[in-house]
$ cat start-v2.csv   # CSV, C-alpha atoms
chain,number,residue,atom,x,y,z
F,418,MET,CA,-119.4,14.7,-181.5
F,419,GLY,CA,-120.7,13.0,-178.5
F,420,CYS,CA,-120.2,14.1,-174.9
F,421,THR,CA,-118.8,11.9,-172.2
F,422,THR,CA,-118.4,12.4,-168.5
F,423,SER,CA,-115.5,11.3,-166.4
F,424,THR,CA,-115.1,11.0,-162.6
F,425,PRO,CA,-112.6,13.6,-161.4
F,426,SER,CA,-109.7,12.3,-159.5
F,427,VAL,CA,-109.4,13.5,-155.9
F,428,THR,CA,-105.8,14.5,-155.0
F,429,THR,CA,-104.2,15.3,-151.7
F,430,PRO,CA,-101.0,17.2,-151.2
F,431,SER,CA,-98.1,15.1,-150.1
F,432,ALA,CA,-96.1,15.8,-147.0
F,433,GLY,CA,-93.6,18.6,-147.5
F,434,GLY,CA,-95.6,20.2,-150.4
F,435,GLY,CA,-94.3,17.6,-152.9
F,436,PRO,CA,-96.2,15.9,-155.7
F,437,THR,CA,-99.9,15.2,-155.1
F,438,GLN,CA,-101.3,11.6,-154.9
F,439,SER,CA,-104.7,10.4,-156.3
F,440,LEU,CA,-107.1,8.7,-153.8
F,441,GLN,CA,-109.0,6.8,-156.5
F,442,PRO,CA,-106.4,4.2,-157.2
F,443,MET,CA,-106.1,3.6,-153.5
F,444,ALA,CA,-109.8,3.1,-153.1
F,445,GLU,CA,-109.8,0.7,-156.0
F,446,ALA,CA,-106.9,-1.3,-154.5
F,447,ASN,CA,-108.8,-1.5,-151.2
F,448,GLY,CA,-111.9,-2.7,-152.9
F,449,SER,CA,-110.0,-5.3,-154.9
F,450,ALA,CA,-108.3,-6.6,-151.7
F,451,GLY,CA,-111.7,-6.9,-150.0
F,452,ILE,CA,-113.0,-9.0,-152.9
F,453,ASP,CA,-109.9,-11.2,-152.8
F,454,ARG,CA,-110.4,-11.8,-149.1
F,455,GLU,CA,-114.1,-12.7,-149.6
F,456,LEU,CA,-113.2,-15.1,-152.4
F,457,GLU,CA,-110.5,-16.8,-150.2
F,458,ARG,CA,-113.0,-17.1,-147.3
F,459,ALA,CA,-115.6,-18.7,-149.6
F,460,LYS,CA,-112.9,-21.1,-151.0
F,461,ASN,CA,-111.8,-22.2,-147.6
F,462,GLU,CA,-115.5,-22.7,-146.5
F,463,GLU,CA,-116.2,-24.8,-149.6
F,464,GLU,CA,-113.1,-26.9,-149.1
F,465,GLY,CA,-114.2,-27.7,-145.6
F,466,LYS,CA,-117.5,-29.3,-146.8
F,467,VAL,CA,-117.7,-33.1,-147.1
F,468,LYS,CA,-119.3,-34.1,-150.4
F,469,LEU,CA,-120.8,-37.5,-151.2
F,470,LEU,CA,-121.8,-38.7,-154.6
F,471,LEU,CA,-124.4,-41.4,-154.6
F,472,LEU,CA,-124.6,-43.6,-157.7
F,473,GLY,CA,-127.0,-46.3,-158.5
F,474,ALA,CA,-129.9,-47.4,-160.6
F,475,GLY,CA,-133.4,-46.1,-160.2
F,476,GLU,CA,-135.2,-47.2,-157.0
F,477,SER,CA,-131.9,-48.5,-155.5
F,478,GLY,CA,-132.2,-46.3,-152.3
F,479,LYS,CA,-130.2,-43.2,-153.1
F,480,SER,CA,-132.8,-40.8,-151.8
F,481,THR,CA,-133.4,-43.0,-148.8
F,482,ILE,CA,-129.7,-42.9,-147.8
F,483,PHE,CA,-129.6,-39.1,-148.3
F,484,LYS,CA,-132.6,-38.6,-146.1
F,485,GLN,CA,-131.1,-40.9,-143.4
F,486,MET,CA,-127.9,-38.9,-143.5
F,487,ARG,CA,-129.9,-35.7,-143.0
F,488,ILE,CA,-131.8,-37.2,-140.1
F,489,LEU,CA,-128.6,-38.5,-138.4
F,490,TYR,CA,-126.1,-35.7,-139.1
F,491,GLY,CA,-128.1,-32.8,-140.4
F,492,THR,CA,-129.6,-29.9,-138.4
F,493,PRO,CA,-132.2,-30.8,-135.9
F,494,ARG,CA,-135.8,-30.8,-137.1
F,495,THR,CA,-137.9,-27.9,-135.9
F,496,GLU,CA,-141.5,-28.2,-134.8
F,497,GLU,CA,-142.6,-26.8,-138.1
F,498,ASP,CA,-140.6,-29.5,-139.9
F,499,LEU,CA,-142.2,-32.3,-137.9
F,500,ARG,CA,-145.6,-30.8,-138.5
F,501,MET,CA,-145.0,-30.6,-142.2
F,502,HIS,CA,-143.9,-34.3,-142.3
F,503,GLY,CA,-146.9,-35.3,-140.3
F,504,VAL,CA,-149.2,-33.7,-142.8
F,505,VAL,CA,-147.4,-35.3,-145.7
F,506,VAL,CA,-147.6,-38.8,-144.2
F,507,ARG,CA,-151.4,-38.4,-143.6
F,508,ALA,CA,-151.9,-37.1,-147.1
F,509,ASN,CA,-149.9,-40.0,-148.6
F,510,VAL,CA,-152.2,-42.5,-146.7
F,511,ILE,CA,-155.2,-40.8,-148.3
F,512,VAL,CA,-153.7,-41.1,-151.8
F,513,ALA,CA,-152.9,-44.8,-151.2
F,514,VAL,CA,-156.4,-45.5,-149.9
F,515,ARG,CA,-158.0,-43.8,-153.0
F,516,LYS,CA,-155.9,-46.0,-155.3
F,517,LEU,CA,-156.6,-49.2,-153.4
F,518,CYS,CA,-160.4,-48.6,-153.2
F,519,THR,CA,-160.5,-48.0,-156.9
F,520,HIS,CA,-158.4,-51.1,-157.5
F,521,LEU,CA,-160.7,-53.2,-155.3
F,522,ARG,CA,-163.7,-52.0,-157.3
F,523,ASN,CA,-162.0,-52.7,-160.6
F,524,LEU,CA,-161.2,-56.2,-159.5
F,525,GLY,CA,-164.9,-56.8,-158.7
F,526,LEU,CA,-164.1,-57.8,-155.1
F,527,GLU,CA,-166.9,-55.8,-153.5
F,528,PRO,CA,-169.0,-59.0,-152.8
F,529,GLU,CA,-166.1,-60.3,-150.8
F,530,LEU,CA,-166.6,-57.4,-148.4
F,531,ASP,CA,-170.2,-58.4,-147.9
F,532,LYS,CA,-169.0,-61.9,-146.9
F,533,GLU,CA,-166.7,-60.4,-144.2
F,534,ALA,CA,-169.6,-58.4,-142.7
F,535,GLY,CA,-170.7,-61.2,-140.5
F,536,GLU,CA,-167.2,-62.0,-139.5
F,537,SER,CA,-166.0,-58.5,-138.7
F,538,ALA,CA,-166.2,-58.9,-134.9
F,539,ALA,CA,-163.9,-61.9,-135.0
F,540,ALA,CA,-161.6,-60.4,-137.7
F,541,PHE,CA,-160.9,-57.2,-135.8
F,542,GLU,CA,-160.5,-58.2,-132.2
F,543,ASP,CA,-159.4,-55.8,-129.6
F,544,ALA,CA,-158.7,-56.4,-125.9
F,545,GLU,CA,-162.4,-57.0,-125.2
F,546,GLY,CA,-162.9,-59.2,-128.2
F,547,VAL,CA,-165.0,-56.7,-130.3
F,548,ASP,CA,-163.9,-54.0,-132.6
F,549,PRO,CA,-164.7,-50.7,-130.8
F,550,SER,CA,-166.1,-48.9,-133.8
F,551,GLY,CA,-168.6,-51.7,-134.7
F,552,MET,CA,-168.1,-50.9,-138.4
F,553,SER,CA,-167.9,-53.6,-141.0
F,554,PRO,CA,-165.4,-53.7,-143.8
F,555,ARG,CA,-168.2,-53.1,-146.3
F,556,ALA,CA,-169.4,-50.0,-144.4
F,557,ALA,CA,-165.8,-48.7,-144.2
F,558,TYR,CA,-165.4,-49.2,-148.0
F,559,ASP,CA,-168.7,-47.5,-148.8
F,560,GLU,CA,-167.7,-44.5,-146.6
F,561,LEU,CA,-164.3,-44.1,-148.3
F,562,ILE,CA,-165.7,-44.5,-151.8
F,563,ALA,CA,-168.4,-41.9,-151.2
F,564,TYR,CA,-166.1,-39.3,-149.5
F,565,LEU,CA,-162.7,-39.9,-151.1
F,566,VAL,CA,-163.1,-41.5,-154.5
F,567,ASP,CA,-166.5,-40.7,-156.0
F,568,ASN,CA,-167.2,-37.6,-153.9
F,569,THR,CA,-170.9,-38.4,-153.9
F,570,ALA,CA,-171.4,-37.8,-150.2
F,571,THR,CA,-173.5,-34.7,-149.4
F,572,GLU,CA,-173.4,-34.6,-145.6
F,573,PRO,CA,-170.2,-34.1,-143.6
F,574,ILE,CA,-169.2,-37.2,-141.6
F,575,ALA,CA,-169.5,-36.9,-137.9
F,576,ARG,CA,-166.3,-37.3,-136.0
F,577,ASP,CA,-166.2,-40.0,-133.3
F,578,ASN,CA,-164.0,-37.8,-131.1
F,579,PRO,CA,-164.6,-34.1,-131.7
F,580,ASP,CA,-161.8,-33.2,-129.2
F,581,MET,CA,-159.2,-34.8,-131.4
F,582,ASP,CA,-158.3,-31.5,-133.1
F,583,GLN,CA,-157.3,-30.0,-129.7
F,584,LYS,CA,-155.1,-33.0,-128.9
F,585,ASP,CA,-153.6,-33.3,-132.5
F,586,TRP,CA,-150.1,-31.8,-132.5
F,587,VAL,CA,-149.8,-32.0,-136.3
F,588,GLY,CA,-152.6,-29.7,-137.4
F,589,ASN,CA,-151.9,-27.9,-140.7
F,590,SER,CA,-148.6,-26.9,-142.3
F,591,PRO,CA,-148.5,-24.1,-145.0
F,592,ARG,CA,-145.3,-25.6,-146.3
F,593,ALA,CA,-147.0,-28.9,-147.1
F,594,GLY,CA,-149.3,-27.3,-149.6
F,595,LEU,CA,-153.1,-26.8,-149.9
F,596,GLN,CA,-154.0,-30.3,-151.2
F,597,ALA,CA,-151.8,-32.1,-148.7
F,598,ASN,CA,-153.5,-30.2,-145.8
F,599,LYS,CA,-156.9,-31.1,-147.2
F,600,ASP,CA,-156.0,-34.8,-147.4
F,601,ALA,CA,-154.5,-34.7,-143.9
F,602,GLU,CA,-157.8,-33.4,-142.6
F,603,ALA,CA,-159.7,-36.1,-144.5
F,604,PHE,CA,-157.4,-38.7,-142.8
F,605,LEU,CA,-158.6,-37.6,-139.4
F,606,ARG,CA,-162.2,-37.8,-140.5
F,607,HIS,CA,-161.9,-41.3,-141.9
F,608,VAL,CA,-159.2,-42.8,-139.9
F,609,GLU,CA,-161.4,-45.5,-138.4
F,610,ALA,CA,-162.8,-46.6,-141.8
F,611,ILE,CA,-159.3,-46.7,-143.2
F,612,ARG,CA,-158.1,-48.9,-140.3
F,613,ILE,CA,-161.0,-51.3,-140.6
F,614,LEU,CA,-160.8,-51.7,-144.4
F,615,TRP,CA,-157.0,-51.9,-144.3
F,616,GLN,CA,-157.2,-54.9,-141.9
F,617,SER,CA,-159.8,-56.7,-143.9
F,618,ASN,CA,-159.0,-59.9,-145.8
F,619,THR,CA,-160.3,-58.4,-149.0
F,620,MET,CA,-158.0,-55.4,-148.8
F,621,LYS,CA,-155.1,-57.8,-148.1
F,622,GLU,CA,-156.0,-59.6,-151.3
F,623,VAL,CA,-156.1,-56.3,-153.2
F,624,ARG,CA,-152.7,-55.3,-151.9
F,625,ALA,CA,-151.3,-58.6,-152.9
F,626,LYS,CA,-152.7,-58.4,-156.4
F,627,ARG,CA,-151.4,-54.8,-156.9
F,628,ALA,CA,-147.9,-55.8,-155.7
F,629,ALA,CA,-147.8,-58.8,-158.1
$ encode --input "start-v2.csv" --output "structure tokens"
Amino acid sequence: MGCTTSTPSVTTPSAGGGPTQSLQPMAEANGSAGIDRELERAKNEEEGKVKLLLLGAGESGKSTIFKQMRILYGTPRTEEDLRMHGVVVRANVIVAVRKLCTHLRNLGLEPELDKEAGESAAAFEDAEGVDPSGMSPRAAYDELIAYLVDNTATEPIARDNPDMDQKDWVGNSPRAGLQANKDAEAFLRHVEAIRILWQSNTMKEVRAKRAA
């Protein structure tokens, strides 16, 4: 025969020496009442929430509306939230540039960049009439291909403004992930090349062909 154990019931004498009462049922009743109160509180809290169901086909803007609602009515963004979004935006630019440079090469439009080399000063005018970097679209493309697409560059590229890191409020964000942080750093190193190639007529043609 097996042996079992049981929890002994604690009894207290009643007033006047009458029949004794067990404390175990009283403790169980108190515990049950506490659970009921907690369930009622959770129910009331859930009923107070406003729920919105977004329906629509793919790419119809459901996620965009949700994000806008969070921005307008959600909790304020912390500095770490803003830093993470800054890293993600820069990383997305690098991803797009890699794809566009590869597409440009596949379309065989590299000679078109050479034609723009002599026109770069007029194509990228600033307040003084000359692009401040002095870089041609072909030079910008070669830099991005070597460092971001083919990874054939062996020397680290020199930054035009080495003090940029101290002024940059975005920096790194562990929440964004390792690859996103690496791409965000690459964005700062190649931001001038990205700007010049993006504004070139050849890249405008690439973007138009890709969107078609």
$ atom_distance --input "start-v2.csv" --atom1 "CA of His502 (chain F)" --atom2 "CA of Ala593 (chain F)"
7.9 Å
$ residues_around --input "start-v2.csv" --residues "Lys599 (chain F)" --least-positions-apart "5" --cutoff "9 Å" --atoms "only C-alpha atoms" --output "ChimeraX atom specification"
/F:508,589,594,604
$ closest_residue --input "start-v2.csv" --among "F:Glu609, F:Glu560, F:Ser590, F:Pro442" --to "Arg515 (chain F)" --atoms "all atoms listed in the file"
F:Glu560
$ atom_distance --input "start-v2.csv" --atom1 "CA of Leu526 (chain F)" --atom2 "CA of Glu602 (chain F)"
28.1 Å
